[in-house]
$ cat upload19.txt   # compact mmCIF, N, CA and C atoms
# COMPACT_ATOMS: atom_id res chain seq x y z
N MET A 52 -37.62 27.74 37.39
CA MET A 52 -37.83 26.41 36.92
C MET A 52 -37.72 26.31 35.40
N GLY A 53 -38.18 27.33 34.72
CA GLY A 53 -38.14 27.33 33.27
C GLY A 53 -36.71 27.29 32.76
N ILE A 54 -35.82 28.05 33.40
CA ILE A 54 -34.42 28.08 32.96
C ILE A 54 -33.74 26.76 33.29
N LYS A 55 -34.05 26.19 34.42
CA LYS A 55 -33.46 24.91 34.81
C LYS A 55 -33.81 23.83 33.79
N ASN A 56 -35.04 23.76 33.39
CA ASN A 56 -35.48 22.78 32.38
C ASN A 56 -34.85 23.08 31.02
N PHE A 57 -34.71 24.37 30.72
CA PHE A 57 -34.07 24.76 29.46
C PHE A 57 -32.65 24.21 29.40
N PHE A 58 -31.87 24.40 30.47
CA PHE A 58 -30.50 23.92 30.50
C PHE A 58 -30.44 22.39 30.51
N LYS A 59 -31.33 21.74 31.23
CA LYS A 59 -31.38 20.28 31.22
C LYS A 59 -31.60 19.77 29.80
N LYS A 60 -32.56 20.37 29.12
CA LYS A 60 -32.86 19.96 27.74
C LYS A 60 -31.69 20.28 26.82
N ALA A 61 -31.09 21.45 27.00
CA ALA A 61 -29.96 21.85 26.15
C ALA A 61 -28.79 20.88 26.33
N PHE A 62 -28.43 20.58 27.59
CA PHE A 62 -27.32 19.66 27.82
C PHE A 62 -27.66 18.25 27.36
N SER A 63 -28.89 17.85 27.50
CA SER A 63 -29.31 16.55 27.02
C SER A 63 -29.18 16.48 25.50
N ASP A 64 -29.58 17.55 24.81
CA ASP A 64 -29.44 17.62 23.35
C ASP A 64 -27.97 17.58 22.94
N ILE A 65 -27.15 18.31 23.68
CA ILE A 65 -25.71 18.31 23.38
C ILE A 65 -25.13 16.91 23.54
N LYS A 66 -25.52 16.24 24.63
CA LYS A 66 -25.03 14.88 24.89
C LYS A 66 -25.47 13.93 23.77
N GLU A 67 -26.72 13.99 23.37
CA GLU A 67 -27.22 13.14 22.30
C GLU A 67 -26.52 13.45 20.98
N SER A 68 -26.31 14.73 20.72
CA SER A 68 -25.62 15.13 19.50
C SER A 68 -24.18 14.62 19.48
N ALA A 69 -23.50 14.73 20.61
CA ALA A 69 -22.13 14.24 20.71
C ALA A 69 -22.07 12.73 20.50
N LYS A 70 -23.02 12.01 21.09
CA LYS A 70 -23.07 10.55 20.92
C LYS A 70 -23.32 10.18 19.46
N ALA A 71 -24.25 10.89 18.85
CA ALA A 71 -24.57 10.62 17.44
C ALA A 71 -23.34 10.91 16.57
N GLN A 72 -22.64 12.02 16.85
CA GLN A 72 -21.45 12.36 16.07
C GLN A 72 -20.36 11.31 16.29
N HIS A 73 -20.24 10.82 17.51
CA HIS A 73 -19.28 9.76 17.80
C HIS A 73 -19.59 8.51 16.97
N ASP A 74 -20.86 8.16 16.88
CA ASP A 74 -21.26 7.00 16.08
C ASP A 74 -20.92 7.21 14.60
N VAL A 75 -21.14 8.43 14.11
CA VAL A 75 -20.79 8.75 12.72
C VAL A 75 -19.29 8.64 12.52
N ASP A 76 -18.51 9.23 13.43
CA ASP A 76 -17.06 9.18 13.33
C ASP A 76 -16.54 7.74 13.38
N LYS A 77 -17.12 6.94 14.26
CA LYS A 77 -16.70 5.54 14.39
C LYS A 77 -17.00 4.77 13.10
N ALA A 78 -18.19 5.00 12.53
CA ALA A 78 -18.56 4.32 11.29
C ALA A 78 -17.64 4.75 10.14
N ASN A 79 -17.34 6.05 10.07
CA ASN A 79 -16.43 6.54 9.02
C ASN A 79 -15.03 5.95 9.20
N PHE A 80 -14.56 5.85 10.44
CA PHE A 80 -13.25 5.27 10.70
C PHE A 80 -13.21 3.82 10.24
N GLU A 81 -14.24 3.06 10.57
CA GLU A 81 -14.29 1.65 10.15
C GLU A 81 -14.32 1.54 8.63
N ALA A 82 -15.04 2.43 7.97
CA ALA A 82 -15.11 2.40 6.50
C ALA A 82 -13.74 2.69 5.89
N VAL A 83 -13.06 3.69 6.41
CA VAL A 83 -11.73 4.05 5.89
C VAL A 83 -10.76 2.90 6.13
N LYS A 84 -10.84 2.29 7.31
CA LYS A 84 -9.97 1.16 7.63
C LYS A 84 -10.21 -0.01 6.67
N ALA A 85 -11.47 -0.30 6.40
CA ALA A 85 -11.81 -1.40 5.48
C ALA A 85 -11.35 -1.08 4.06
N GLU A 86 -11.55 0.17 3.63
CA GLU A 86 -11.11 0.56 2.28
C GLU A 86 -9.59 0.46 2.16
N SER A 87 -8.89 0.87 3.20
CA SER A 87 -7.44 0.80 3.19
C SER A 87 -6.96 -0.65 3.09
N LYS A 88 -7.60 -1.52 3.85
CA LYS A 88 -7.24 -2.94 3.80
C LYS A 88 -7.54 -3.52 2.42
N ALA A 89 -8.66 -3.12 1.83
CA ALA A 89 -9.02 -3.60 0.50
C ALA A 89 -7.97 -3.17 -0.52
N GLN A 90 -7.54 -1.92 -0.43
CA GLN A 90 -6.50 -1.43 -1.35
C GLN A 90 -5.21 -2.23 -1.18
N TRP A 91 -4.84 -2.49 0.07
CA TRP A 91 -3.63 -3.26 0.35
C TRP A 91 -3.72 -4.66 -0.25
N GLU A 92 -4.85 -5.32 -0.03
CA GLU A 92 -5.02 -6.68 -0.55
C GLU A 92 -5.00 -6.68 -2.08
N GLU A 93 -5.63 -5.67 -2.69
CA GLU A 93 -5.63 -5.58 -4.16
C GLU A 93 -4.22 -5.36 -4.68
N ALA A 94 -3.47 -4.48 -4.02
CA ALA A 94 -2.10 -4.20 -4.44
C ALA A 94 -1.23 -5.45 -4.29
N LYS A 95 -1.43 -6.16 -3.19
CA LYS A 95 -0.67 -7.38 -2.95
C LYS A 95 -0.99 -8.43 -4.02
N ALA A 96 -2.26 -8.59 -4.33
CA ALA A 96 -2.68 -9.55 -5.35
C ALA A 96 -2.13 -9.16 -6.71
N SER A 97 -2.18 -7.87 -6.99
CA SER A 97 -1.67 -7.36 -8.26
C SER A 97 -0.17 -7.63 -8.36
N SER A 98 0.54 -7.43 -7.27
CA SER A 98 1.98 -7.66 -7.23
C SER A 98 2.30 -9.13 -7.47
N GLU A 99 1.52 -10.01 -6.84
CA GLU A 99 1.74 -11.44 -7.02
C GLU A 99 1.47 -11.86 -8.46
N LYS A 100 0.42 -11.31 -9.05
CA LYS A 100 0.10 -11.63 -10.45
C LYS A 100 1.21 -11.13 -11.37
N ARG A 101 1.70 -9.91 -11.11
CA ARG A 101 2.77 -9.35 -11.93
C ARG A 101 4.02 -10.22 -11.82
N ALA A 102 4.35 -10.64 -10.62
CA ALA A 102 5.52 -11.48 -10.42
C ALA A 102 5.37 -12.80 -11.18
N GLU A 103 4.18 -13.38 -11.16
CA GLU A 103 3.94 -14.63 -11.87
C GLU A 103 4.07 -14.42 -13.39
N ARG A 104 3.50 -13.30 -13.90
CA ARG A 104 3.63 -13.01 -15.34
C ARG A 104 5.09 -12.84 -15.73
N GLU A 105 5.87 -12.14 -14.89
CA GLU A 105 7.28 -11.93 -15.18
C GLU A 105 8.04 -13.26 -15.17
N LYS A 106 7.70 -14.14 -14.23
CA LYS A 106 8.34 -15.45 -14.16
C LYS A 106 8.05 -16.24 -15.43
N GLN A 107 6.79 -16.23 -15.87
CA GLN A 107 6.43 -16.95 -17.09
C GLN A 107 7.16 -16.38 -18.30
N LEU A 108 7.28 -15.04 -18.35
CA LEU A 108 7.98 -14.39 -19.46
C LEU A 108 9.45 -14.81 -19.46
N ARG A 109 10.09 -14.82 -18.29
CA ARG A 109 11.50 -15.23 -18.21
C ARG A 109 11.67 -16.67 -18.66
N GLU A 110 10.76 -17.55 -18.22
CA GLU A 110 10.86 -18.96 -18.62
C GLU A 110 10.72 -19.12 -20.13
N LYS A 111 9.83 -18.34 -20.72
CA LYS A 111 9.65 -18.38 -22.18
C LYS A 111 10.90 -17.88 -22.88
N GLN A 112 11.49 -16.80 -22.37
CA GLN A 112 12.70 -16.26 -22.97
C GLN A 112 13.85 -17.25 -22.88
N ILE A 113 13.96 -17.95 -21.75
CA ILE A 113 15.01 -18.97 -21.59
C ILE A 113 14.79 -20.10 -22.60
N ALA A 114 13.55 -20.56 -22.72
CA ALA A 114 13.24 -21.63 -23.68
C ALA A 114 13.56 -21.18 -25.11
N ASP A 115 13.20 -19.95 -25.46
CA ASP A 115 13.49 -19.44 -26.80
C ASP A 115 15.00 -19.36 -27.03
N ALA A 116 15.74 -18.90 -26.03
CA ALA A 116 17.20 -18.79 -26.16
C ALA A 116 17.83 -20.17 -26.32
N LYS A 117 17.34 -21.16 -25.58
CA LYS A 117 17.87 -22.51 -25.71
C LYS A 117 17.60 -23.08 -27.10
N ALA A 118 16.41 -22.79 -27.62
CA ALA A 118 16.07 -23.26 -28.97
C ALA A 118 16.99 -22.61 -30.00
N ARG A 119 17.24 -21.31 -29.86
CA ARG A 119 18.14 -20.62 -30.79
C ARG A 119 19.56 -21.17 -30.68
N THR A 120 19.97 -21.50 -29.46
CA THR A 120 21.31 -22.06 -29.26
C THR A 120 21.41 -23.41 -29.95
N GLU A 121 20.37 -24.23 -29.83
CA GLU A 121 20.36 -25.54 -30.50
C GLU A 121 20.48 -25.39 -32.01
N VAL A 122 19.69 -24.48 -32.58
CA VAL A 122 19.73 -24.24 -34.03
C VAL A 122 21.13 -23.77 -34.43
N ALA A 123 21.71 -22.86 -33.65
CA ALA A 123 23.04 -22.37 -33.97
C ALA A 123 24.07 -23.49 -33.87
N GLN A 124 23.95 -24.34 -32.87
CA GLN A 124 24.89 -25.46 -32.72
C GLN A 124 24.78 -26.42 -33.90
N GLN A 125 23.56 -26.67 -34.37
CA GLN A 125 23.38 -27.53 -35.54
C GLN A 125 24.04 -26.92 -36.76
N ARG A 126 23.93 -25.61 -36.91
CA ARG A 126 24.58 -24.93 -38.04
C ARG A 126 26.10 -25.04 -37.92
N ILE A 127 26.60 -24.91 -36.69
CA ILE A 127 28.05 -25.03 -36.48
C ILE A 127 28.52 -26.43 -36.85
N ASP A 128 27.79 -27.44 -36.36
CA ASP A 128 28.15 -28.84 -36.64
C ASP A 128 28.09 -29.10 -38.16
N LYS A 129 27.09 -28.60 -38.82
CA LYS A 129 26.94 -28.79 -40.27
C LYS A 129 28.09 -28.13 -41.02
N ALA A 130 28.46 -26.93 -40.58
CA ALA A 130 29.57 -26.21 -41.23
C ALA A 130 30.88 -26.96 -41.02
N LYS A 131 31.09 -27.54 -39.85
CA LYS A 131 32.30 -28.29 -39.57
C LYS A 131 32.38 -29.55 -40.41
N ASN A 132 31.24 -30.20 -40.65
CA ASN A 132 31.21 -31.44 -41.43
C ASN A 132 31.42 -31.17 -42.92
N ASN A 133 31.13 -29.97 -43.36
CA ASN A 133 31.26 -29.62 -44.79
C ASN A 133 32.68 -29.20 -45.15
N ARG A 134 33.58 -29.12 -44.22
CA ARG A 134 34.94 -28.69 -44.54
C ARG A 134 35.70 -29.69 -45.28

$ encode --input "upload19.txt" --output "structure tokens"
Amino acid sequence: MGIKNFFKKAFSDIKESAKAQHDVDKANFEAVKAESKAQWEEAKASSEKRAEREKQLREKQIADAKARTEVAQQRIDKAKNNR
């Protein structure tokens, strides 16, 4: 009887330990999954912000180039009128 109870207790402990480890593994998996999603969302947001900054920079460069073109055209017109 003593050995029978020993094995019952041992297997019961093993079962509880396995269940507890499963809970730990499940919690760790969920944490890794959430962290991965957070990284993805941050990268996506960062990419969108970078794209917006680049768009604004291009628009500014176009505006600057148009202003330089206007100034150059005025100089051309002035030079033509002075001939």

$ atom_distance --input "upload19.txt" --atom1 "atom N of Ile127 in chain A" --atom2 "atom N of Glu110 in chain A"
25.4 Å

$ atom_distance --input "upload19.txt" --atom1 "atom N of Lys88 in chain A" --atom2 "CA of Asp76 in chain A"
17.1 Å

$ atom_distance --input "upload19.txt" --atom1 "CA of Lys106 in chain A" --atom2 "CA of Gln124 in chain A"
26.8 Å

$ decode --input "upload19.txt" --residues "range 65-115 of chain A" --atoms "C-alpha atoms" --output "PDB file, in the first residue's frame"
ATOM      1  CA  ILE A  65       4.088  15.095 -12.296  1.00  0.00           C
ATOM      2  CA  LYS A  66       0.636  15.906 -13.703  1.00  0.00           C
ATOM      3  CA  GLU A  67       0.399  19.130 -11.670  1.00  0.00           C
ATOM      4  CA  SER A  68       3.935  20.098 -12.654  1.00  0.00           C
ATOM      5  CA  ALA A  69       3.189  19.500 -16.340  1.00  0.00           C
ATOM      6  CA  LYS A  70       0.006  21.578 -16.112  1.00  0.00           C
ATOM      7  CA  ALA A  71       1.845  24.392 -14.352  1.00  0.00           C
ATOM      8  CA  GLN A  72       4.613  24.298 -16.985  1.00  0.00           C
ATOM      9  CA  HIS A  73       1.983  24.370 -19.723  1.00  0.00           C
ATOM     10  CA  ASP A  74       0.473  27.491 -18.149  1.00  0.00           C
ATOM     11  CA  VAL A  75       3.927  29.107 -18.024  1.00  0.00           C
ATOM     12  CA  ASP A  76       4.616  28.186 -21.653  1.00  0.00           C
ATOM     13  CA  LYS A  77       1.215  29.496 -22.750  1.00  0.00           C
ATOM     14  CA  ALA A  78       1.756  32.796 -20.909  1.00  0.00           C
ATOM     15  CA  ASN A  79       5.243  33.177 -22.420  1.00  0.00           C
ATOM     16  CA  PHE A  80       3.869  32.450 -25.896  1.00  0.00           C
ATOM     17  CA  GLU A  81       1.173  35.097 -25.490  1.00  0.00           C
ATOM     18  CA  ALA A  82       3.772  37.611 -24.268  1.00  0.00           C
ATOM     19  CA  VAL A  83       6.069  36.949 -27.229  1.00  0.00           C
ATOM     20  CA  LYS A  84       3.123  37.200 -29.621  1.00  0.00           C
ATOM     21  CA  ALA A  85       2.057  40.541 -28.116  1.00  0.00           C
ATOM     22  CA  GLU A  86       5.620  41.893 -28.198  1.00  0.00           C
ATOM     23  CA  SER A  87       5.978  40.850 -31.822  1.00  0.00           C
ATOM     24  CA  LYS A  88       2.735  42.592 -32.749  1.00  0.00           C
ATOM     25  CA  ALA A  89       3.841  45.711 -30.859  1.00  0.00           C
ATOM     26  CA  GLN A  90       7.122  45.772 -32.796  1.00  0.00           C
ATOM     27  CA  TRP A  91       5.240  45.370 -36.075  1.00  0.00           C
ATOM     28  CA  GLU A  92       2.839  48.200 -35.269  1.00  0.00           C
ATOM     29  CA  GLU A  93       5.728  50.463 -34.184  1.00  0.00           C
ATOM     30  CA  ALA A  94       7.652  49.692 -37.371  1.00  0.00           C
ATOM     31  CA  LYS A  95       4.561  50.334 -39.469  1.00  0.00           C
ATOM     32  CA  ALA A  96       3.905  53.646 -37.709  1.00  0.00           C
ATOM     33  CA  SER A  97       7.546  54.617 -38.072  1.00  0.00           C
ATOM     34  CA  SER A  98       7.406  53.796 -41.778  1.00  0.00           C
ATOM     35  CA  GLU A  99       4.283  55.900 -42.252  1.00  0.00           C
ATOM     36  CA  LYS A 100       5.862  58.837 -40.412  1.00  0.00           C
ATOM     37  CA  ARG A 101       9.039  58.526 -42.492  1.00  0.00           C
ATOM     38  CA  ALA A 102       7.007  58.469 -45.703  1.00  0.00           C
ATOM     39  CA  GLU A 103       5.113  61.587 -44.611  1.00  0.00           C
ATOM     40  CA  ARG A 104       8.374  63.405 -43.737  1.00  0.00           C
ATOM     41  CA  GLU A 105       9.832  62.457 -47.131  1.00  0.00           C
ATOM     42  CA  LYS A 106       6.682  63.699 -48.891  1.00  0.00           C
ATOM     43  CA  GLN A 107       6.883  67.027 -47.072  1.00  0.00           C
ATOM     44  CA  LEU A 108      10.593  67.319 -47.935  1.00  0.00           C
ATOM     45  CA  ARG A 109       9.879  66.650 -51.632  1.00  0.00           C
ATOM     46  CA  GLU A 110       7.089  69.243 -51.656  1.00  0.00           C
ATOM     47  CA  LYS A 111       9.424  71.803 -50.087  1.00  0.00           C
ATOM     48  CA  GLN A 112      12.143  71.020 -52.622  1.00  0.00           C
ATOM     49  CA  ILE A 113       9.655  71.426 -55.487  1.00  0.00           C
ATOM     50  CA  ALA A 114       8.478  74.770 -54.083  1.00  0.00           C
ATOM     51  CA  ASP A 115      12.097  75.943 -53.683  1.00  0.00           C
TER      52      ASP A 115
END
